[in-house]
>>> print(open('entry10.txt').read())   # compact mmCIF, C-alpha atoms
# COMPACT_ATOMS: atom_id res chain seq x y z
CA MET V 1 -26.76 60.23 -6.93
CA SER V 2 -26.76 59.06 -10.52
CA GLY V 3 -22.96 59.40 -10.57
CA GLY V 4 -22.70 57.17 -7.49
CA LEU V 5 -25.03 54.59 -9.09
CA ALA V 6 -23.00 54.64 -12.31
CA ALA V 7 -19.79 54.14 -10.33
CA LEU V 8 -21.39 51.24 -8.45
CA LEU V 9 -22.56 49.61 -11.70
CA ASP V 10 -19.09 50.13 -13.17
CA ASP V 11 -17.55 48.40 -10.13
CA VAL V 12 -20.02 45.52 -10.46
CA ALA V 13 -19.16 45.15 -14.16
CA THR V 14 -15.44 45.16 -13.34
CA MET V 15 -15.94 42.54 -10.65
CA ALA V 16 -17.99 40.42 -13.08
CA LYS V 17 -15.18 40.62 -15.65
CA MET V 18 -12.63 39.63 -13.01
CA ALA V 19 -14.82 36.72 -11.92
CA ALA V 20 -15.23 35.56 -15.52
CA ALA V 21 -11.48 35.79 -16.05
CA SER V 22 -10.91 33.85 -12.84
CA ILE V 23 -13.33 31.15 -13.97
CA ASP V 24 -11.45 30.94 -17.25
CA ASP V 25 -8.17 30.64 -15.34
CA VAL V 26 -9.59 27.87 -13.16
CA GLY V 27 -10.90 26.02 -16.21
CA LEU V 28 -7.58 26.38 -18.01
CA ALA V 29 -5.66 25.22 -14.96
CA ALA V 30 -7.97 22.25 -14.43
CA GLY V 31 -7.65 21.30 -18.11
CA ARG V 32 -3.86 21.37 -17.97
CA ALA V 33 -3.79 19.37 -14.77
CA SER V 34 -6.25 16.76 -16.03
CA ALA V 35 -4.36 16.22 -19.29
CA LYS V 36 -1.09 15.58 -17.46
CA ALA V 37 -2.72 13.00 -15.18
CA ALA V 38 -4.15 11.05 -18.13
CA GLY V 39 -1.72 8.14 -17.78
CA VAL V 40 -2.79 7.40 -14.22
CA VAL V 41 -6.45 7.78 -15.20
CA VAL V 42 -6.12 5.14 -17.92
CA ASP V 43 -4.52 2.75 -15.47
CA ASP V 44 -7.17 3.45 -12.83
CA THR V 45 -9.89 2.72 -15.40
CA ALA V 46 -8.17 -0.49 -16.48
CA VAL V 47 -7.57 -1.78 -12.94
CA THR V 48 -10.89 -1.07 -11.22
CA PRO V 49 -13.22 -3.52 -13.08
CA ARG V 50 -11.40 -6.53 -11.60
CA TYR V 51 -12.59 -5.56 -8.12
CA VAL V 52 -16.15 -6.56 -8.95
CA HIS V 53 -15.16 -9.79 -10.71
CA GLY V 54 -17.02 -12.76 -9.25
CA PHE V 55 -19.85 -10.78 -7.63
CA LYS V 56 -23.52 -10.90 -8.54
CA PRO V 57 -24.42 -8.53 -11.39
CA GLU V 58 -26.85 -6.56 -9.21
CA ARG V 59 -24.03 -5.76 -6.76
CA GLU V 60 -21.54 -4.50 -9.36
CA LEU V 61 -22.80 -0.91 -9.75
CA PRO V 62 -23.39 -0.39 -5.99
CA MET V 63 -19.83 -1.54 -5.35
CA ILE V 64 -18.44 0.79 -8.01
CA ARG V 65 -20.48 3.65 -6.54
CA ARG V 66 -19.02 2.97 -3.07
CA ILE V 67 -15.48 2.82 -4.49
CA ALA V 68 -16.09 6.11 -6.35
CA VAL V 69 -17.28 7.83 -3.15
CA GLY V 70 -14.21 6.51 -1.34
CA SER V 71 -11.99 7.75 -4.18
CA LEU V 72 -13.50 11.23 -4.01
CA ARG V 73 -13.05 11.24 -0.24
CA ASN V 74 -9.41 10.22 -0.70
CA LYS V 75 -8.79 13.13 -3.06
CA LEU V 76 -10.72 15.92 -1.34
CA VAL V 77 -10.45 15.12 2.38
CA PHE V 78 -7.01 13.55 2.73
CA ILE V 79 -4.80 14.33 -0.28
CA LEU V 80 -5.89 17.83 -1.35
CA PRO V 81 -5.20 19.66 1.97
CA VAL V 82 -1.75 18.09 2.31
CA ALA V 83 -0.87 18.82 -1.32
CA LEU V 84 -1.97 22.47 -1.02
CA LEU V 85 -0.04 22.99 2.22
CA LEU V 86 3.09 21.55 0.64
CA SER V 87 2.70 23.75 -2.44
CA GLN V 88 2.27 26.81 -0.22
CA PHE V 89 4.97 26.24 2.40
CA ALA V 90 7.35 23.64 0.91
CA PRO V 91 7.16 23.90 -2.89
CA TRP V 92 10.67 22.42 -3.12
CA ALA V 93 9.19 19.09 -2.00
CA LEU V 94 6.89 18.78 -5.03
CA THR V 95 9.54 17.57 -7.49
CA PRO V 96 10.90 14.80 -5.19
CA LEU V 97 7.33 13.76 -4.32
CA LEU V 98 6.40 13.74 -7.98
CA MET V 99 9.45 11.61 -8.79
CA LEU V 100 8.57 9.23 -5.97
CA GLY V 101 5.09 8.85 -7.45
CA GLY V 102 6.60 8.45 -10.92
CA THR V 103 8.82 5.68 -9.60
CA TYR V 104 5.76 3.95 -8.18
CA LEU V 105 4.05 4.17 -11.58
CA CYS V 106 7.13 2.64 -13.23
CA PHE V 107 7.13 -0.12 -10.62
CA GLU V 108 3.44 -0.85 -11.20
CA GLY V 109 3.89 -1.03 -14.96
CA ALA V 110 7.02 -3.18 -14.79
CA GLU V 111 5.48 -5.46 -12.16
CA LYS V 112 2.47 -6.11 -14.40
CA ILE V 113 4.79 -7.00 -17.27
CA TRP V 114 6.82 -9.26 -14.98
CA GLY V 115 3.65 -10.90 -13.66
CA SER V 116 2.42 -11.52 -17.19
CA LEU V 117 5.74 -13.01 -18.32
CA ALA V 118 6.14 -15.11 -15.18
CA GLY V 119 2.54 -16.34 -15.20
CA HIS V 120 1.65 -14.72 -11.86
CA GLN V 121 -0.95 -12.33 -13.23
CA GLU V 122 -4.02 -14.08 -11.85
CA GLU V 123 -2.68 -15.33 -8.53
CA THR V 124 -4.09 -12.53 -6.41
CA GLU V 125 -7.54 -12.34 -8.02
CA GLU V 126 -10.01 -14.22 -5.86
CA THR V 127 -13.70 -14.51 -6.57
CA ALA V 128 -16.43 -13.66 -4.10
CA ALA V 129 -17.16 -17.35 -3.50
CA VAL V 130 -13.57 -18.01 -2.43
CA GLN V 131 -13.38 -15.01 -0.12
CA GLY V 132 -16.55 -15.69 1.86
CA GLY V 133 -19.62 -13.74 2.93
CA ASP V 134 -17.91 -10.42 3.75
CA ALA V 135 -16.13 -10.37 0.37
CA GLU V 136 -17.84 -7.17 -0.77
CA GLU V 137 -16.73 -5.16 2.26
CA LYS V 138 -13.16 -6.44 1.95
CA MET V 139 -13.03 -5.85 -1.79
CA VAL V 140 -14.43 -2.30 -1.58
CA ALA V 141 -12.04 -1.42 1.26
CA GLY V 142 -9.10 -2.87 -0.69
CA ALA V 143 -10.09 -0.97 -3.83
CA ILE V 144 -10.30 2.31 -1.91
CA ARG V 145 -6.87 1.70 -0.37
CA THR V 146 -5.38 1.02 -3.81
CA ASP V 147 -7.17 4.07 -5.18
CA PHE V 148 -5.51 6.24 -2.52
CA ILE V 149 -2.11 5.75 -4.16
CA LEU V 150 -3.43 6.41 -7.66
CA SER V 151 -5.44 9.41 -6.41
CA ALA V 152 -2.39 10.85 -4.68
CA GLU V 153 -0.45 10.48 -7.92
CA ILE V 154 -3.22 12.19 -9.90
CA MET V 155 -3.41 15.10 -7.45
CA VAL V 156 0.37 15.63 -7.20
CA ILE V 157 0.77 15.50 -10.99
CA SER V 158 -2.12 17.94 -11.33
CA LEU V 159 -0.73 20.24 -8.62
CA ASN V 160 2.64 20.38 -10.36
CA GLU V 161 0.90 21.67 -13.49
CA VAL V 162 -0.77 24.57 -11.65
CA ALA V 163 1.99 25.35 -9.13
CA GLU V 164 2.47 28.89 -10.49
CA TYR V 165 -1.15 29.92 -9.85
CA GLU V 166 -2.39 31.66 -6.72
CA PHE V 167 -3.41 29.48 -3.79
CA TRP V 168 -7.17 29.69 -4.31
CA LEU V 169 -6.83 29.05 -8.05
CA ARG V 170 -4.75 25.95 -7.31
CA ALA V 171 -7.34 24.78 -4.81
CA ALA V 172 -10.27 25.38 -7.19
CA ALA V 173 -8.49 23.67 -10.09
CA LEU V 174 -7.64 20.62 -7.99
CA VAL V 175 -11.20 20.32 -6.67
CA ILE V 176 -12.46 20.34 -10.28
CA VAL V 177 -9.82 17.78 -11.29
CA ALA V 178 -10.75 15.52 -8.36
CA ILE V 179 -14.48 15.59 -9.15
CA VAL V 180 -14.20 15.35 -12.95
CA ILE V 181 -11.61 12.58 -12.98
CA THR V 182 -13.48 10.53 -10.37
CA LEU V 183 -16.77 10.83 -12.29
CA LEU V 184 -15.00 10.04 -15.56
CA VAL V 185 -13.08 7.02 -14.28
CA TYR V 186 -15.90 5.36 -12.40
CA GLY V 187 -18.51 6.28 -15.00
CA VAL V 188 -16.42 4.51 -17.64
CA VAL V 189 -15.75 1.62 -15.23
CA GLY V 190 -19.48 1.21 -14.63
CA LEU V 191 -20.12 1.18 -18.37
CA ILE V 192 -17.37 -1.38 -18.96
CA VAL V 193 -18.59 -3.66 -16.17
CA LYS V 194 -22.17 -3.64 -17.42
CA MET V 195 -21.28 -3.92 -21.10
CA ASP V 196 -21.66 -7.71 -21.01
CA ASP V 197 -25.15 -7.36 -19.54
CA ILE V 198 -26.05 -4.81 -22.21
CA GLY V 199 -24.82 -7.22 -24.88
CA VAL V 200 -26.83 -10.11 -23.40
CA HIS V 201 -29.92 -7.88 -23.27
CA LEU V 202 -29.51 -6.82 -26.90
CA ALA V 203 -28.90 -10.42 -27.96
CA GLY V 204 -32.38 -11.27 -26.63
CA ARG V 205 -34.18 -8.55 -28.61
CA PRO V 206 -36.38 -9.48 -31.60
CA SER V 207 -34.28 -7.53 -34.10
CA PRO V 208 -31.63 -9.70 -35.83
CA ALA V 209 -29.37 -6.65 -36.12
CA LEU V 210 -29.55 -5.99 -32.38
CA GLN V 211 -28.98 -9.67 -31.65
CA THR V 212 -25.85 -9.68 -33.80
CA PHE V 213 -24.60 -6.47 -32.21
CA GLY V 214 -25.29 -7.79 -28.71
CA ARG V 215 -23.41 -11.04 -29.32
CA GLY V 216 -20.54 -9.10 -30.86
CA LEU V 217 -20.46 -6.85 -27.81
CA VAL V 218 -20.20 -9.82 -25.45
CA LYS V 219 -17.40 -11.36 -27.51
CA ALA V 220 -15.54 -8.05 -27.83
CA MET V 221 -15.41 -7.15 -24.13
CA PRO V 222 -12.54 -9.51 -23.15
CA ILE V 223 -10.51 -8.04 -26.02
CA VAL V 224 -11.40 -4.49 -24.96
CA MET V 225 -10.28 -5.24 -21.40
CA LYS V 226 -6.96 -6.67 -22.58
CA VAL V 227 -6.34 -3.66 -24.83
CA LEU V 228 -7.28 -1.28 -22.02
CA SER V 229 -4.95 -3.07 -19.63
CA THR V 230 -2.08 -2.91 -22.15
CA VAL V 231 -2.69 0.79 -22.76
CA GLY V 232 -2.77 1.33 -19.00
CA ILE V 233 0.62 -0.35 -18.56
CA ALA V 234 2.14 1.66 -21.42
CA ALA V 235 0.68 4.87 -19.99
CA MET V 236 2.13 4.16 -16.54
CA LEU V 237 5.62 3.57 -17.96
CA TRP V 238 5.41 6.62 -20.19
CA VAL V 239 4.07 9.02 -17.53
CA GLY V 240 6.30 7.65 -14.78
CA GLY V 241 9.39 7.73 -16.98
CA HIS V 242 8.66 11.27 -18.17
CA ILE V 243 8.18 12.47 -14.58
CA ILE V 244 11.57 11.02 -13.63
CA LEU V 245 13.22 12.40 -16.80
CA VAL V 246 11.99 15.94 -16.10
CA GLY V 247 12.55 15.61 -12.34
CA VAL V 248 16.24 14.70 -12.51
CA ASN V 249 16.74 17.63 -14.90
CA GLU V 250 15.07 20.03 -12.47
CA LEU V 251 17.19 18.66 -9.61
CA GLY V 252 20.37 19.46 -11.54
CA TRP V 253 21.34 16.31 -13.48
CA HIS V 254 20.89 17.21 -17.15
CA PRO V 255 22.59 14.67 -19.51
CA VAL V 256 19.67 12.25 -20.04
CA TYR V 257 17.08 15.00 -20.44
CA GLU V 258 19.29 16.91 -22.89
CA PHE V 259 19.95 13.75 -24.92
CA VAL V 260 16.22 13.00 -25.23
CA HIS V 261 15.42 16.65 -25.94
CA HIS V 262 18.04 16.91 -28.70
CA ALA V 263 16.84 13.64 -30.26
CA GLU V 264 13.25 14.93 -30.19
CA GLU V 265 14.26 18.21 -31.85
CA ALA V 266 16.41 16.45 -34.46
CA VAL V 267 13.53 14.21 -35.54
CA ALA V 268 11.03 17.07 -35.49
CA HIS V 269 13.27 19.23 -37.72
CA ALA V 270 14.18 16.38 -40.07
CA VAL V 271 10.56 15.79 -41.07
CA PRO V 272 8.61 18.84 -42.32
CA GLY V 273 5.12 19.79 -41.23
CA GLY V 274 2.96 18.44 -38.45
CA LEU V 275 4.29 14.92 -38.93
CA GLY V 276 7.70 16.07 -37.70
CA GLY V 277 6.17 17.42 -34.50
CA PHE V 278 4.29 14.17 -33.94
CA LEU V 279 7.39 12.04 -34.58
CA GLY V 280 9.40 14.24 -32.21
CA TRP V 281 6.75 13.76 -29.53
CA LEU V 282 6.83 10.03 -30.24
CA VAL V 283 10.60 9.95 -29.69
CA ASN V 284 10.18 11.68 -26.34
CA THR V 285 7.34 9.35 -25.39
CA LEU V 286 9.26 6.18 -26.31
CA ALA V 287 12.35 7.40 -24.49
CA SER V 288 10.25 8.16 -21.41
CA ALA V 289 8.65 4.70 -21.59
CA VAL V 290 12.08 3.03 -21.84
CA ILE V 291 13.30 5.03 -18.84
CA GLY V 292 10.13 4.03 -17.00
CA LEU V 293 10.65 0.38 -17.85
CA VAL V 294 14.30 0.44 -16.70
CA VAL V 295 13.47 2.19 -13.42
CA GLY V 296 10.48 -0.07 -12.86
CA ALA V 297 12.52 -3.20 -13.55
CA ILE V 298 15.12 -2.11 -11.00
CA VAL V 299 12.44 -1.54 -8.35
CA VAL V 300 10.76 -4.86 -9.19
CA GLY V 301 14.12 -6.56 -8.75
CA VAL V 302 14.63 -4.90 -5.38
CA MET V 303 11.09 -5.62 -4.19
CA HIS V 304 10.74 -9.19 -5.46
CA LEU V 305 13.90 -10.92 -6.64
CA ILE V 306 16.36 -9.85 -3.94
CA PRO V 307 14.06 -10.73 -1.00
CA HIS V 308 13.45 -14.16 -2.55
CA LYS V 309 17.18 -14.75 -2.94
CA LYS V 310 17.76 -13.72 0.66
CA ARG V 311 15.10 -16.12 1.88
CA ASP V 312 16.50 -18.92 -0.30
CA ALA V 313 20.04 -18.25 0.92
CA HIS V 314 18.86 -18.13 4.52
CA GLY V 315 16.98 -21.39 4.11
CA ALA V 316 19.90 -23.09 2.38
CA GLY V 317 22.51 -21.83 4.82
CA ARG V 318 20.80 -22.57 8.12
CA PRO V 319 21.40 -25.96 9.79
CA ALA V 320 18.54 -28.41 9.53
CA ALA V 321 16.37 -28.25 12.63
CA GLU V 322 15.07 -31.28 14.44
CA GLY V 323 12.04 -32.56 12.53
CA ASP V 324 13.03 -30.71 9.34
CA PRO V 325 11.50 -32.45 6.29
CA GLY V 326 14.89 -32.50 4.59
CA GLU V 327 16.50 -34.23 7.54
CA ALA V 328 13.65 -36.71 7.80
CA SER V 329 14.02 -37.47 4.13
CA GLU V 330 17.70 -38.16 4.53
CA GLY V 331 17.04 -40.30 7.55
CA GLY V 332 14.37 -42.19 5.69
CA GLY V 333 16.78 -42.80 2.87
CA ALA V 334 19.41 -44.14 5.26
CA ARG V 335 16.97 -46.52 6.73
>>> encode(input="entry10.txt", output="structure tokens")
Amino acid sequence: MSGGLAALLDDVATMAKMAAASIDDVGLAAGRASAKAAGVVVDDTAVTPRYVHGFKPERELPMIRRIAVGSLRNKLVFILPVALLLSQFAPWALTPLLMLGGTYLCFEGAEKIWGSLAGHQEETEETAAVQGGDAEEKMVAGAIRTDFILSAEIMVISLNEVAEYEFWLRAAALVIVAIVITLLVYGVVGLIVKMDDIGVHLAGRPSPALQTFGRGLVKAMPIVMKVLSTVGIAAMLWVGGHIILVGVNELGWHPVYEFVHHAEEAVAHAVPGGLGGFLGWLVNTLASAVIGLVVGAIVVGVMHLIPHKKRDAHGAGRPAAEGDPGEASEGGGAR
């Protein structure tokens, strides 16, 4: 009897050790996956605050909460099952999908640079007053749709980092990634959005020190948002470019990857100590960002410049229709 009890306790202890090891594996996998998705997370955090621009302060946090719930639903209900099925039955599709997502990141980063240089950055940002009474519903729905793409990118990047794990470990790691990243992103977004209000509140306190800090906070927020936006663009180009760099190597085209890898190793070995490792990483990061910018610029050209040229050529080449303003102008001139 006592021998049976001892054997049972030994089995329970073994199972407990296995469970603890599994929890460690899940935590390690989730940590790896989350770190790799950092570039998309920075962009998500930088982009989201503009969705509540123009709304009453008391509606900002409820809107962010609704967007966060929609984001979590995107990740867990729609994206996670598809990603897990692909990893289980069609793992060969992960690299092309990842590269497709990386190309989208490059496009997003390059398009923001193009919009900033061309002065089109603010054209699509409408305030609540302009949009009308149902602006909140439209804005939340639009934010959730945009989040779907970023969430899909986060989950695919994360899945690629844990592809070698067993199915249930992959699933558990991705669930943790989905929850943690969503809470992190929208928690930070909520703090950013309300930072002005916090500054105004502190500026009204009796303490001169708090007043000074509050006014400084209000003045600093536009700068913080610009810096965050710039970091988000750089992160998109870097992550997207690196995904494409590694992807083409895995698909069998090695020259670019080998060139970047050799340059990274040469710099790392030329400088002793930890600084060499950092400089080598910096070379790889800059090369990835340049690749991302080139790929993104090509896609921007395809998506924006070529269609415009086609429309211009079509408009210039077609015969003037009856009542065409150009024809009327010529007629008016003749008269």
>>> residues_near_point(input="entry10.txt", point="(1.7, 9.8, -12.1)", cutoff="6 Å", atoms="only C-alpha atoms", output="list in words")
Val40, Gly101, Gly102, Glu153, Ile154, Ile157, Val239 and Gly240 of chain V
>>> closest_residue(input="entry10.txt", among="V:Ile198, V:Leu174, V:Val156, V:Ala163", to="Leu100 (chain V)", atoms="all atoms listed in the file")
V:Val156
>>> closest_residue(input="entry10.txt", among="V:Val294, V:Val69, V:Trp253, V:Thr230", to="Ala141 (chain V)", atoms="only C-alpha atoms")
V:Val69
>>> atom_distance(input="entry10.txt", atom1="CA of Leu251 (chain V)", atom2="CA of Thr95 (chain V)")
8.0 Å
>>> closest_residue(input="entry10.txt", among="V:His262, V:His201, V:His242, V:His269", to="Gly292 (chain V)", atoms="only C-alpha atoms")
V:His242
>>> atom_distance(input="entry10.txt", atom1="CA of Arg205 (chain V)", atom2="CA of Met221 (chain V)")
19.3 Å
>>> atom_distance(input="entry10.txt", atom1="CA of Lys75 (chain V)", atom2="CA of Val224 (chain V)")
28.2 Å
>>> closest_residue(input="entry10.txt", among="V:Glu60, V:Asp196, V:Asp134, V:Glu108", to="Pro222 (chain V)", atoms="all atoms listed in the file")
V:Asp196
>>> closest_residue(input="entry10.txt", among="V:Leu85, V:Pro57, V:Gly280, V:Ile67", to="Gly187 (chain V)", atoms="only C-alpha atoms")
V:Ile67
>>> closest_residue(input="entry10.txt", among="V:Leu286, V:Ala297, V:Leu84, V:Met303", to="Trp114 (chain V)", atoms="all atoms listed in the file")
V:Ala297
>>> residues_around(input="entry10.txt", residues="Leu293 (chain V)", least_positions_apart="4", cutoff="12 Å", atoms="all atoms listed in the file", output="ChimeraX atom specification")
/V:102-114,233-242,244,286-289,297-301
>>> axis_aligned_box(input="entry10.txt", around="region 223-235 of chain V", padding_each_side="4 Å", output="lines of an AutoDock Vina configuration file")
center_x = -4.6
center_y = -1.6
center_z = -22.3
size_x = 21.5
size_y = 20.9
size_z = 15.5
>>> residues_around(input="entry10.txt", residues="Leu72 (chain V)", least_positions_apart="4", cutoff="7 Å", atoms="all atoms listed in the file", output="PyMOL selection string")
chain V and resi 68+76+178-179+182
>>> write_last_selection(input="entry10.txt", atoms="C-alpha atoms", output="short mmCIF file (atom, residue, chain, number, x, y, z; two decimals), in the coordinates of the input")
data_model
loop_
_atom_site.label_atom_id
_atom_site.label_comp_id
_atom_site.auth_asym_id
_atom_site.auth_seq_id
_atom_site.Cartn_x
_atom_site.Cartn_y
_atom_site.Cartn_z
CA ALA V 68 -16.09 6.11 -6.35
CA LEU V 76 -10.72 15.92 -1.34
CA ALA V 178 -10.75 15.52 -8.36
CA ILE V 179 -14.48 15.59 -9.15
CA THR V 182 -13.48 10.53 -10.37
#
>>> decode(input="entry10.txt", residues="region 74-90 of chain V", atoms="N, CA and C atoms", output="compact mmCIF listing (two decimals), in the first residue's frame")
# COMPACT_ATOMS: atom_id res chain seq x y z
N ASN V 74 -9.46 39.89 -33.28
CA ASN V 74 -8.76 39.63 -34.54
C ASN V 74 -7.70 38.55 -34.37
N LYS V 75 -6.91 38.69 -33.31
CA LYS V 75 -5.78 37.77 -33.11
C LYS V 75 -6.23 36.37 -32.73
N LEU V 76 -7.15 36.27 -31.76
CA LEU V 76 -7.48 34.97 -31.19
C LEU V 76 -8.54 34.21 -31.99
N VAL V 77 -9.52 34.90 -32.54
CA VAL V 77 -10.65 34.24 -33.19
C VAL V 77 -10.38 34.00 -34.67
N PHE V 78 -9.78 34.96 -35.35
CA PHE V 78 -9.62 34.87 -36.79
C PHE V 78 -8.23 34.43 -37.22
N ILE V 79 -7.19 35.08 -36.68
CA ILE V 79 -5.84 34.87 -37.19
C ILE V 79 -5.19 33.63 -36.61
N LEU V 80 -5.31 33.42 -35.29
CA LEU V 80 -4.62 32.31 -34.62
C LEU V 80 -4.99 30.94 -35.20
N PRO V 81 -6.30 30.61 -35.36
CA PRO V 81 -6.61 29.27 -35.91
C PRO V 81 -6.02 29.05 -37.30
N VAL V 82 -6.11 30.05 -38.17
CA VAL V 82 -5.57 29.91 -39.52
C VAL V 82 -4.06 29.73 -39.48
N ALA V 83 -3.39 30.53 -38.65
CA ALA V 83 -1.93 30.44 -38.55
C ALA V 83 -1.50 29.07 -38.03
N LEU V 84 -2.19 28.54 -37.02
CA LEU V 84 -1.84 27.23 -36.48
C LEU V 84 -2.09 26.11 -37.48
N LEU V 85 -3.18 26.19 -38.21
CA LEU V 85 -3.47 25.17 -39.23
C LEU V 85 -2.40 25.19 -40.33
N LEU V 86 -2.00 26.38 -40.74
CA LEU V 86 -0.95 26.47 -41.75
C LEU V 86 0.36 25.88 -41.23
N SER V 87 0.71 26.22 -39.98
CA SER V 87 1.96 25.71 -39.42
C SER V 87 1.95 24.20 -39.27
N GLN V 88 0.76 23.63 -39.08
CA GLN V 88 0.64 22.19 -38.89
C GLN V 88 0.62 21.43 -40.21
N PHE V 89 -0.11 21.95 -41.20
CA PHE V 89 -0.35 21.19 -42.43
C PHE V 89 0.35 21.78 -43.66
N ALA V 90 0.74 23.05 -43.59
CA ALA V 90 1.44 23.65 -44.74
C ALA V 90 2.54 24.58 -44.24
